[in-house]
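Next up, final38.pdb (PDB, C-alpha atoms, pLDDT in the B column):
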ATOM      1  CA  MET A   6     -15.829 -19.841  23.480  1.00 46.00           C
ATOM      2  CA  GLY A   7     -12.770 -21.761  22.296  1.00 51.00           C
ATOM      3  CA  LYS A   8      -9.139 -21.511  23.200  1.00 52.00           C
ATOM      4  CA  PRO A   9      -7.224 -18.384  22.227  1.00 50.00           C
ATOM      5  CA  HIS A  10      -5.116 -18.775  19.122  1.00 49.00           C
ATOM      6  CA  HIS A  11      -1.376 -18.735  19.671  1.00 55.00           C
ATOM      7  CA  PHE A  12       0.876 -17.622  16.891  1.00 63.00           C
ATOM      8  CA  ASN A  13       3.886 -19.860  16.276  1.00 70.00           C
ATOM      9  CA  LEU A  14       6.153 -18.818  13.448  1.00 78.00           C
ATOM     10  CA  SER A  15       9.239 -20.897  12.870  1.00 83.00           C
ATOM     11  CA  PRO A  16      12.490 -19.149  11.909  1.00 85.00           C
ATOM     12  CA  ASP A  17      12.517 -21.050   8.609  1.00 89.00           C
ATOM     13  CA  ARG A  18       9.068 -19.824   7.712  1.00 88.00           C
ATOM     14  CA  LEU A  19       9.953 -16.257   8.688  1.00 87.00           C
ATOM     15  CA  ALA A  20      13.075 -16.484   6.528  1.00 90.00           C
ATOM     16  CA  ALA A  21      10.899 -17.689   3.638  1.00 90.00           C
ATOM     17  CA  PHE A  22       8.633 -14.649   4.094  1.00 88.00           C
ATOM     18  CA  PHE A  23      11.659 -12.352   4.078  1.00 89.00           C
ATOM     19  CA  ALA A  24      13.010 -14.026   0.924  1.00 90.00           C
ATOM     20  CA  ALA A  25       9.678 -13.679  -0.869  1.00 90.00           C
ATOM     21  CA  ALA A  26       9.405 -10.030   0.164  1.00 88.00           C
ATOM     22  CA  ARG A  27      12.973  -9.346  -0.989  1.00 89.00           C
ATOM     23  CA  PHE A  28      12.249 -11.015  -4.342  1.00 89.00           C
ATOM     24  CA  TRP A  29       9.053  -8.981  -4.798  1.00 85.00           C
ATOM     25  CA  LEU A  30      10.797  -5.730  -3.865  1.00 86.00           C
ATOM     26  CA  TYR A  31      13.718  -6.289  -6.225  1.00 88.00           C
ATOM     27  CA  TRP A  32      11.352  -7.319  -8.995  1.00 87.00           C
ATOM     28  CA  VAL A  33       9.378  -4.088  -8.614  1.00 84.00           C
ATOM     29  CA  ILE A  34      12.609  -2.050  -8.558  1.00 84.00           C
ATOM     30  CA  ALA A  35      13.764  -3.803 -11.742  1.00 86.00           C
ATOM     31  CA  VAL A  36      10.447  -3.166 -13.521  1.00 82.00           C
ATOM     32  CA  VAL A  37      10.355   0.505 -12.547  1.00 79.00           C
ATOM     33  CA  SER A  38      13.988   1.089 -13.508  1.00 79.00           C
ATOM     34  CA  ARG A  39      13.553  -0.805 -16.800  1.00 78.00           C
ATOM     35  CA  ILE A  40      10.532   1.206 -17.850  1.00 75.00           C
ATOM     36  CA  GLY A  41      12.080   4.417 -16.616  1.00 67.00           C
ATOM     37  CA  ALA A  42       8.790   6.126 -15.817  1.00 59.00           C
ATOM     38  CA  LEU A  43       9.428   7.437 -12.318  1.00 56.00           C
ATOM     39  CA  ASN A  44       5.949   8.810 -11.789  1.00 59.00           C
ATOM     40  CA  GLY A  45       4.616   5.789 -13.576  1.00 67.00           C
ATOM     41  CA  SER A  46       1.354   4.438 -14.659  1.00 79.00           C
ATOM     42  CA  ARG A  47      -1.466   3.276 -12.461  1.00 83.00           C
ATOM     43  CA  ARG A  48      -0.194  -0.311 -12.657  1.00 82.00           C
ATOM     44  CA  LEU A  49       3.327   0.659 -11.548  1.00 84.00           C
ATOM     45  CA  ARG A  50       1.923   2.619  -8.608  1.00 83.00           C
ATOM     46  CA  ALA A  51      -0.156  -0.441  -7.684  1.00 86.00           C
ATOM     47  CA  TYR A  52       3.002  -2.587  -7.723  1.00 84.00           C
ATOM     48  CA  VAL A  53       4.792  -0.137  -5.436  1.00 84.00           C
ATOM     49  CA  ASN A  54       1.778   0.009  -3.106  1.00 85.00           C
ATOM     50  CA  ARG A  55       1.764  -3.771  -2.933  1.00 87.00           C
ATOM     51  CA  ALA A  56       5.491  -3.820  -2.176  1.00 85.00           C
ATOM     52  CA  GLU A  57       4.962  -1.332   0.668  1.00 85.00           C
ATOM     53  CA  ARG A  58       2.168  -3.427   2.164  1.00 85.00           C
ATOM     54  CA  TRP A  59       4.169  -6.632   1.762  1.00 86.00           C
ATOM     55  CA  ILE A  60       7.218  -5.200   3.558  1.00 87.00           C
ATOM     56  CA  GLU A  61       5.062  -3.767   6.370  1.00 86.00           C
ATOM     57  CA  ARG A  62       3.413  -7.099   6.989  1.00 86.00           C
ATOM     58  CA  VAL A  63       6.638  -9.103   6.887  1.00 89.00           C
ATOM     59  CA  LEU A  64       8.250  -6.755   9.406  1.00 89.00           C
ATOM     60  CA  PHE A  65       5.151  -7.063  11.584  1.00 87.00           C
ATOM     61  CA  LEU A  66       5.480 -10.852  11.452  1.00 87.00           C
ATOM     62  CA  ALA A  67       9.110 -10.524  12.529  1.00 89.00           C
ATOM     63  CA  ALA A  68       8.008  -8.419  15.506  1.00 87.00           C
ATOM     64  CA  VAL A  69       5.293 -10.913  16.448  1.00 84.00           C
ATOM     65  CA  ALA A  70       7.827 -13.741  16.302  1.00 85.00           C
ATOM     66  CA  ARG A  71      10.101 -11.861  18.734  1.00 84.00           C
ATOM     67  CA  VAL A  72       7.439 -10.957  21.297  1.00 79.00           C
ATOM     68  CA  THR A  73       7.551 -13.381  24.191  1.00 72.00           C
ATOM     69  CA  ARG A  74       4.871 -12.070  26.538  1.00 65.00           C
ATOM     70  CA  ARG A  75       1.294 -12.789  25.589  1.00 62.00           C
ATOM     71  CA  HIS A  76      -1.563 -10.678  26.883  1.00 58.00           C
ATOM     72  CA  ASN A  77      -4.367 -12.494  28.615  1.00 60.00           C
ATOM     73  CA  ARG A  78      -6.869  -9.693  28.764  1.00 59.00           C
ATOM     74  CA  SER A  79     -10.448 -10.449  29.543  1.00 58.00           C
ATOM     75  CA  ARG A  80     -12.940  -9.104  27.092  1.00 60.00           C
ATOM     76  CA  ARG A  81     -14.976  -6.213  28.292  1.00 59.00           C
ATOM     77  CA  VAL A  82     -18.401  -6.585  26.825  1.00 66.00           C
ATOM     78  CA  SER A  83     -20.289  -3.873  28.658  1.00 75.00           C
ATOM     79  CA  THR A  84     -19.821  -0.210  27.932  1.00 76.00           C
ATOM     80  CA  PRO A  85     -20.467   2.873  30.007  1.00 78.00           C
ATOM     81  CA  PRO A  86     -23.721   4.747  29.398  1.00 76.00           C
ATOM     82  CA  GLY A  87     -23.550   6.972  26.337  1.00 75.00           C
ATOM     83  CA  PHE A  88     -20.903   4.895  24.579  1.00 79.00           C
ATOM     84  CA  ARG A  89     -20.862   1.967  22.213  1.00 80.00           C
ATOM     85  CA  ARG A  90     -18.136  -0.386  21.004  1.00 80.00           C
ATOM     86  CA  ALA A  91     -16.863  -0.169  17.442  1.00 79.00           C
ATOM     87  CA  ARG A  92     -14.618  -2.659  15.702  1.00 74.00           C
ATOM     88  CA  ARG A  93     -11.067  -1.499  15.147  1.00 70.00           C
ATOM     89  CA  HIS A  94      -9.307  -2.060  11.845  1.00 67.00           C
ATOM     90  CA  GLY A  95      -5.652  -3.010  11.492  1.00 65.00           C
ATOM     91  CA  ARG A  96      -4.911  -0.442   8.793  1.00 65.00           C
ATOM     92  CA  LEU A  97      -3.465   2.092  11.193  1.00 66.00           C
ATOM     93  CA  LEU A  98      -1.290  -0.535  12.856  1.00 70.00           C
ATOM     94  CA  TYR A  99       0.708  -1.007   9.674  1.00 69.00           C
ATOM     95  CA  LYS A 100       0.735   2.707   9.034  1.00 68.00           C
ATOM     96  CA  SER A 101       2.640   3.155  12.290  1.00 69.00           C
ATOM     97  CA  ALA A 102       5.656   1.542  10.606  1.00 70.00           C
ATOM     98  CA  ARG A 103       6.125   4.815   8.689  1.00 74.00           C
ATOM     99  CA  ILE A 104       7.428   3.062   5.586  1.00 77.00           C
ATOM    100  CA  ARG A 105       5.118   4.795   3.157  1.00 77.00           C
ATOM    101  CA  VAL A 106       6.228   8.211   1.964  1.00 77.00           C
ATOM    102  CA  ARG A 107       4.910  10.581  -0.652  1.00 82.00           C
ATOM    103  CA  GLY A 108       6.999  11.237  -3.690  1.00 80.00           C
ATOM    104  CA  THR A 109       8.039   9.708  -6.969  1.00 81.00           C
ATOM    105  CA  LEU A 110       8.142   5.969  -7.405  1.00 80.00           C
ATOM    106  CA  ALA A 111      11.936   6.043  -7.165  1.00 81.00           C
ATOM    107  CA  GLU A 112      11.811   7.848  -3.791  1.00 84.00           C
ATOM    108  CA  ARG A 113       9.176   5.453  -2.491  1.00 84.00           C
ATOM    109  CA  LEU A 114      11.154   2.402  -3.620  1.00 85.00           C
ATOM    110  CA  ALA A 115      14.337   3.797  -2.061  1.00 86.00           C
ATOM    111  CA  THR A 116      12.513   4.263   1.247  1.00 86.00           C
ATOM    112  CA  ILE A 117      11.088   0.748   1.115  1.00 86.00           C
ATOM    113  CA  ALA A 118      14.500  -0.754   0.307  1.00 88.00           C
ATOM    114  CA  ALA A 119      16.161   1.204   3.129  1.00 89.00           C
ATOM    115  CA  ALA A 120      13.492   0.056   5.583  1.00 85.00           C
ATOM    116  CA  PHE A 121      13.857  -3.553   4.474  1.00 85.00           C
ATOM    117  CA  GLU A 122      17.648  -3.531   4.680  1.00 87.00           C
ATOM    118  CA  ASN A 123      17.612  -2.011   8.208  1.00 88.00           C
ATOM    119  CA  PRO A 124      14.397  -3.360   9.729  1.00 88.00           C
ATOM    120  CA  GLU A 125      15.350  -3.200  13.415  1.00 90.00           C
ATOM    121  CA  ARG A 126      13.914   0.272  14.006  1.00 88.00           C
ATOM    122  CA  ILE A 127      10.554  -0.675  12.526  1.00 86.00           C
ATOM    123  CA  ILE A 128      10.467  -4.061  14.274  1.00 86.00           C
ATOM    124  CA  ALA A 129      11.215  -2.315  17.584  1.00 87.00           C
ATOM    125  CA  ARG A 130       8.328   0.101  16.950  1.00 85.00           C
ATOM    126  CA  PHE A 131       5.975  -2.818  16.269  1.00 83.00           C
ATOM    127  CA  MET A 132       7.212  -4.621  19.387  1.00 84.00           C
ATOM    128  CA  ARG A 133       6.499  -1.556  21.548  1.00 81.00           C
ATOM    129  CA  ARG A 134       3.018  -1.441  20.082  1.00 79.00           C
ATOM    130  CA  LEU A 135       2.507  -5.158  20.694  1.00 79.00           C
ATOM    131  CA  SER A 136       3.783  -4.924  24.273  1.00 76.00           C
ATOM    132  CA  ARG A 137       1.038  -2.414  25.073  1.00 70.00           C
ATOM    133  CA  GLY A 138      -1.484  -4.859  23.639  1.00 70.00           C
ATOM    134  CA  LEU A 139      -3.749  -4.727  20.665  1.00 70.00           C
ATOM    135  CA  SER A 140      -7.395  -4.092  21.182  1.00 67.00           C
ATOM    136  CA  GLY A 141     -10.068  -5.239  18.779  1.00 68.00           C
ATOM    137  CA  SER A 142     -12.557  -2.542  19.656  1.00 72.00           C
ATOM    138  CA  ARG A 143     -12.782   1.051  20.741  1.00 75.00           C
ATOM    139  CA  LEU A 144     -15.311   3.222  22.531  1.00 78.00           C
ATOM    140  CA  VAL A 145     -17.385   5.624  20.473  1.00 80.00           C
ATOM    141  CA  ILE A 146     -19.671   8.311  21.846  1.00 80.00           C
ATOM    142  CA  ALA A 147     -23.280   7.403  21.156  1.00 79.00           C
ATOM    143  CA  ALA A 148     -26.598   9.080  21.705  1.00 72.00           C
ATOM    144  CA  PRO A 149     -28.284   8.416  25.049  1.00 63.00           C
ATOM    145  CA  ARG A 150     -30.990   5.795  25.160  1.00 64.00           C
ATOM    146  CA  ALA A 151     -34.441   6.966  24.147  1.00 64.00           C
ATOM    147  CA  ASP A 152     -36.164   5.869  27.366  1.00 66.00           C
ATOM    148  CA  GLU A 153     -33.786   8.022  29.423  1.00 64.00           C
ATOM    149  CA  LEU A 154     -34.663  11.065  27.312  1.00 62.00           C
ATOM    150  CA  ILE A 155     -38.376  10.399  27.666  1.00 66.00           C
ATOM    151  CA  THR A 156     -38.213  10.007  31.444  1.00 68.00           C
ATOM    152  CA  ARG A 157     -36.199  13.201  31.790  1.00 65.00           C
ATOM    153  CA  ALA A 158     -38.640  15.103  29.598  1.00 63.00           C
ATOM    154  CA  THR A 159     -41.734  13.815  31.414  1.00 66.00           C
ATOM    155  CA  ALA A 160     -40.151  14.418  34.828  1.00 61.00           C
ATOM    156  CA  THR A 161     -40.093  18.140  34.190  1.00 60.00           C
ATOM    157  CA  TRP A 162     -43.772  18.072  33.199  1.00 59.00           C
ATOM    158  CA  THR A 163     -44.937  16.330  36.368  1.00 57.00           C
ATOM    159  CA  PHE A 164     -43.237  18.794  38.707  1.00 56.00           C
ATOM    160  CA  ASP A 165     -44.582  21.866  36.953  1.00 54.00           C
ATOM    161  CA  SER A 166     -47.183  23.345  39.334  1.00 60.00           C
ATOM    162  CA  SER A 167     -48.278  26.340  37.308  1.00 59.00           C
TER     163      SER A 167
END
Please express the file's structure as structure tokens.
Amino acid sequence: MGKPHHFNLSPDRLAAFFAAARFWLYWVIAVVSRIGALNGSRRLRAYVNRAERWIERVLFLAAVARVTRRHNRSRRVSTPPGFRRARRHGRLLYKSARIRVRGTLAERLATIAAAFENPERIIARFMRRLSRGLSGSRLVIAAPRADELITRATATWTFDSS
């Protein structure tokens, strides 16, 4: 196994990410306001979805750049009986930013712009999540092993004296 990867993000690079995200957000706002269709077509909704994802990820990068303590957790390979390990996806991590709202495209864009102009609350939420540590797997209840079931079933047969 190799060395763990450390994430170094320079302030200039983070500023470039913020500038690109700001450009993308303002471009989407300009397109939606120019067309005037607030509930929009499928393509406009896709642009707004992309803007939401872009802002979430840039704010996550800002939180990662601010975190100073790194977790050195050892991997736990074994699992208790009756459980298995399943890979965890990062989709819910970004959802915890609570940037995405339901509503018209104008409401969604206003929420995104407000979150991007005042990002400290969302960055603090990501930092709390990062301070607890991110885990790449989770425990899932699984069926017991077949040989255990067979031995339990045959054990009752051998003790039956009738």
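With all atoms listed in the file as the atoms that count, the minimum distance from A:Ala26 to the choices A:Phe131, A:Phe65, A:Trp59, A:Phe88 is reached by A:Trp59.
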d(atom CA of A:Phe23, atom CA of A:Leu135) in Å: 20.3 Å
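Rounded to one decimal, atom CA of A:Ala21 and atom CA of A:Asn54 lie 21.0 Å from each other.
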Selection near A:Leu144, 10 Å with all atoms listed in the file, sequence-local residues under 2 positions removed, as number ranges by chain: A: 84-85, 87-93, 142, 146-147
Selected residues, C-alpha atoms, written as an mmCIF file, keeping the file's coordinate frame, please.
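Contents of the output file part39.cif:
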data_model
loop_
_atom_site.group_PDB
_atom_site.id
_atom_site.type_symbol
_atom_site.label_atom_id
_atom_site.label_comp_id
_atom_site.auth_asym_id
_atom_site.auth_seq_id
_atom_site.Cartn_x
_atom_site.Cartn_y
_atom_site.Cartn_z
ATOM 1 C CA THR A 84 -19.821 -0.210 27.932
ATOM 2 C CA PRO A 85 -20.467 2.873 30.007
ATOM 3 C CA GLY A 87 -23.550 6.972 26.337
ATOM 4 C CA PHE A 88 -20.903 4.895 24.579
ATOM 5 C CA ARG A 89 -20.862 1.967 22.213
ATOM 6 C CA ARG A 90 -18.136 -0.386 21.004
ATOM 7 C CA ALA A 91 -16.863 -0.169 17.442
ATOM 8 C CA ARG A 92 -14.618 -2.659 15.702
ATOM 9 C CA ARG A 93 -11.067 -1.499 15.147
ATOM 10 C CA SER A 142 -12.557 -2.542 19.656
ATOM 11 C CA ILE A 146 -19.671 8.311 21.846
ATOM 12 C CA ALA A 147 -23.280 7.403 21.156
#
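The residue set within 7 Å of stretch 61-63 of chain A, counting only C-alpha atoms and dropping same-chain residues fewer than 2 places from it, reads Phe22, Phe23, Glu57, Arg58, Trp59, Phe65, Leu66, Ala67, Tyr99 and Ala102 of chain A.
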Spatial neighbours of A:Ala119, max dist 12 Å, only C-alpha atoms, sep filter under 4 positions, as a list in words: Arg27, Leu30, Glu57, Ile60, Ile104, Arg105, Glu112, Arg113, Leu114, Ala115, Asn123, Pro124, Glu125, Arg126 and Ile127 of chain A
Report the centre and edge lengths, in Å to one decimal, of an axis-aligned box enclosing every atom of stretch 48-62 of chain A listed in the file, padded by 4 Å on each side, as JSON.
{"center_x": 3.5, "center_y": -2.2, "center_z": -2.8, "size_x": 15.4, "size_y": 17.7, "size_z": 27.6}
Contacts of A:Met132 within 9 Å, all atoms listed in the file, excl. fewer than 2 positions in-chain, as number ranges by chain: A: 65, 68-69, 71-72, 127-130, 134-137
Proximity to A:Thr109 - best of A:Ser15, A:Ala148, A:Arg39, A:Ser46, all atoms listed in the file: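 Using all atoms listed in the file, the shortest distance to A:Thr109 belongs to A:Ser46.
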Between atom CA of A:Ser38 and atom CA of A:Arg55, distance in Å (one decimal): 16.9 Å
Selected residue, from A:Pro86, A:Glu122, A:Tyr52, A:Pro16, that lies nearest to A:Val145 when counting only C-alpha atoms: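 With only C-alpha atoms as the atom set, the closest residue is A:Pro86.
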Nearest to A:Val33 by atom-to-atom distance, counting only C-alpha atoms, from A:Arg143, A:Arg50, A:Arg18, A:Arg133: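 When distances to A:Val33 are compared using only C-alpha atoms, the smallest one comes from A:Arg50.
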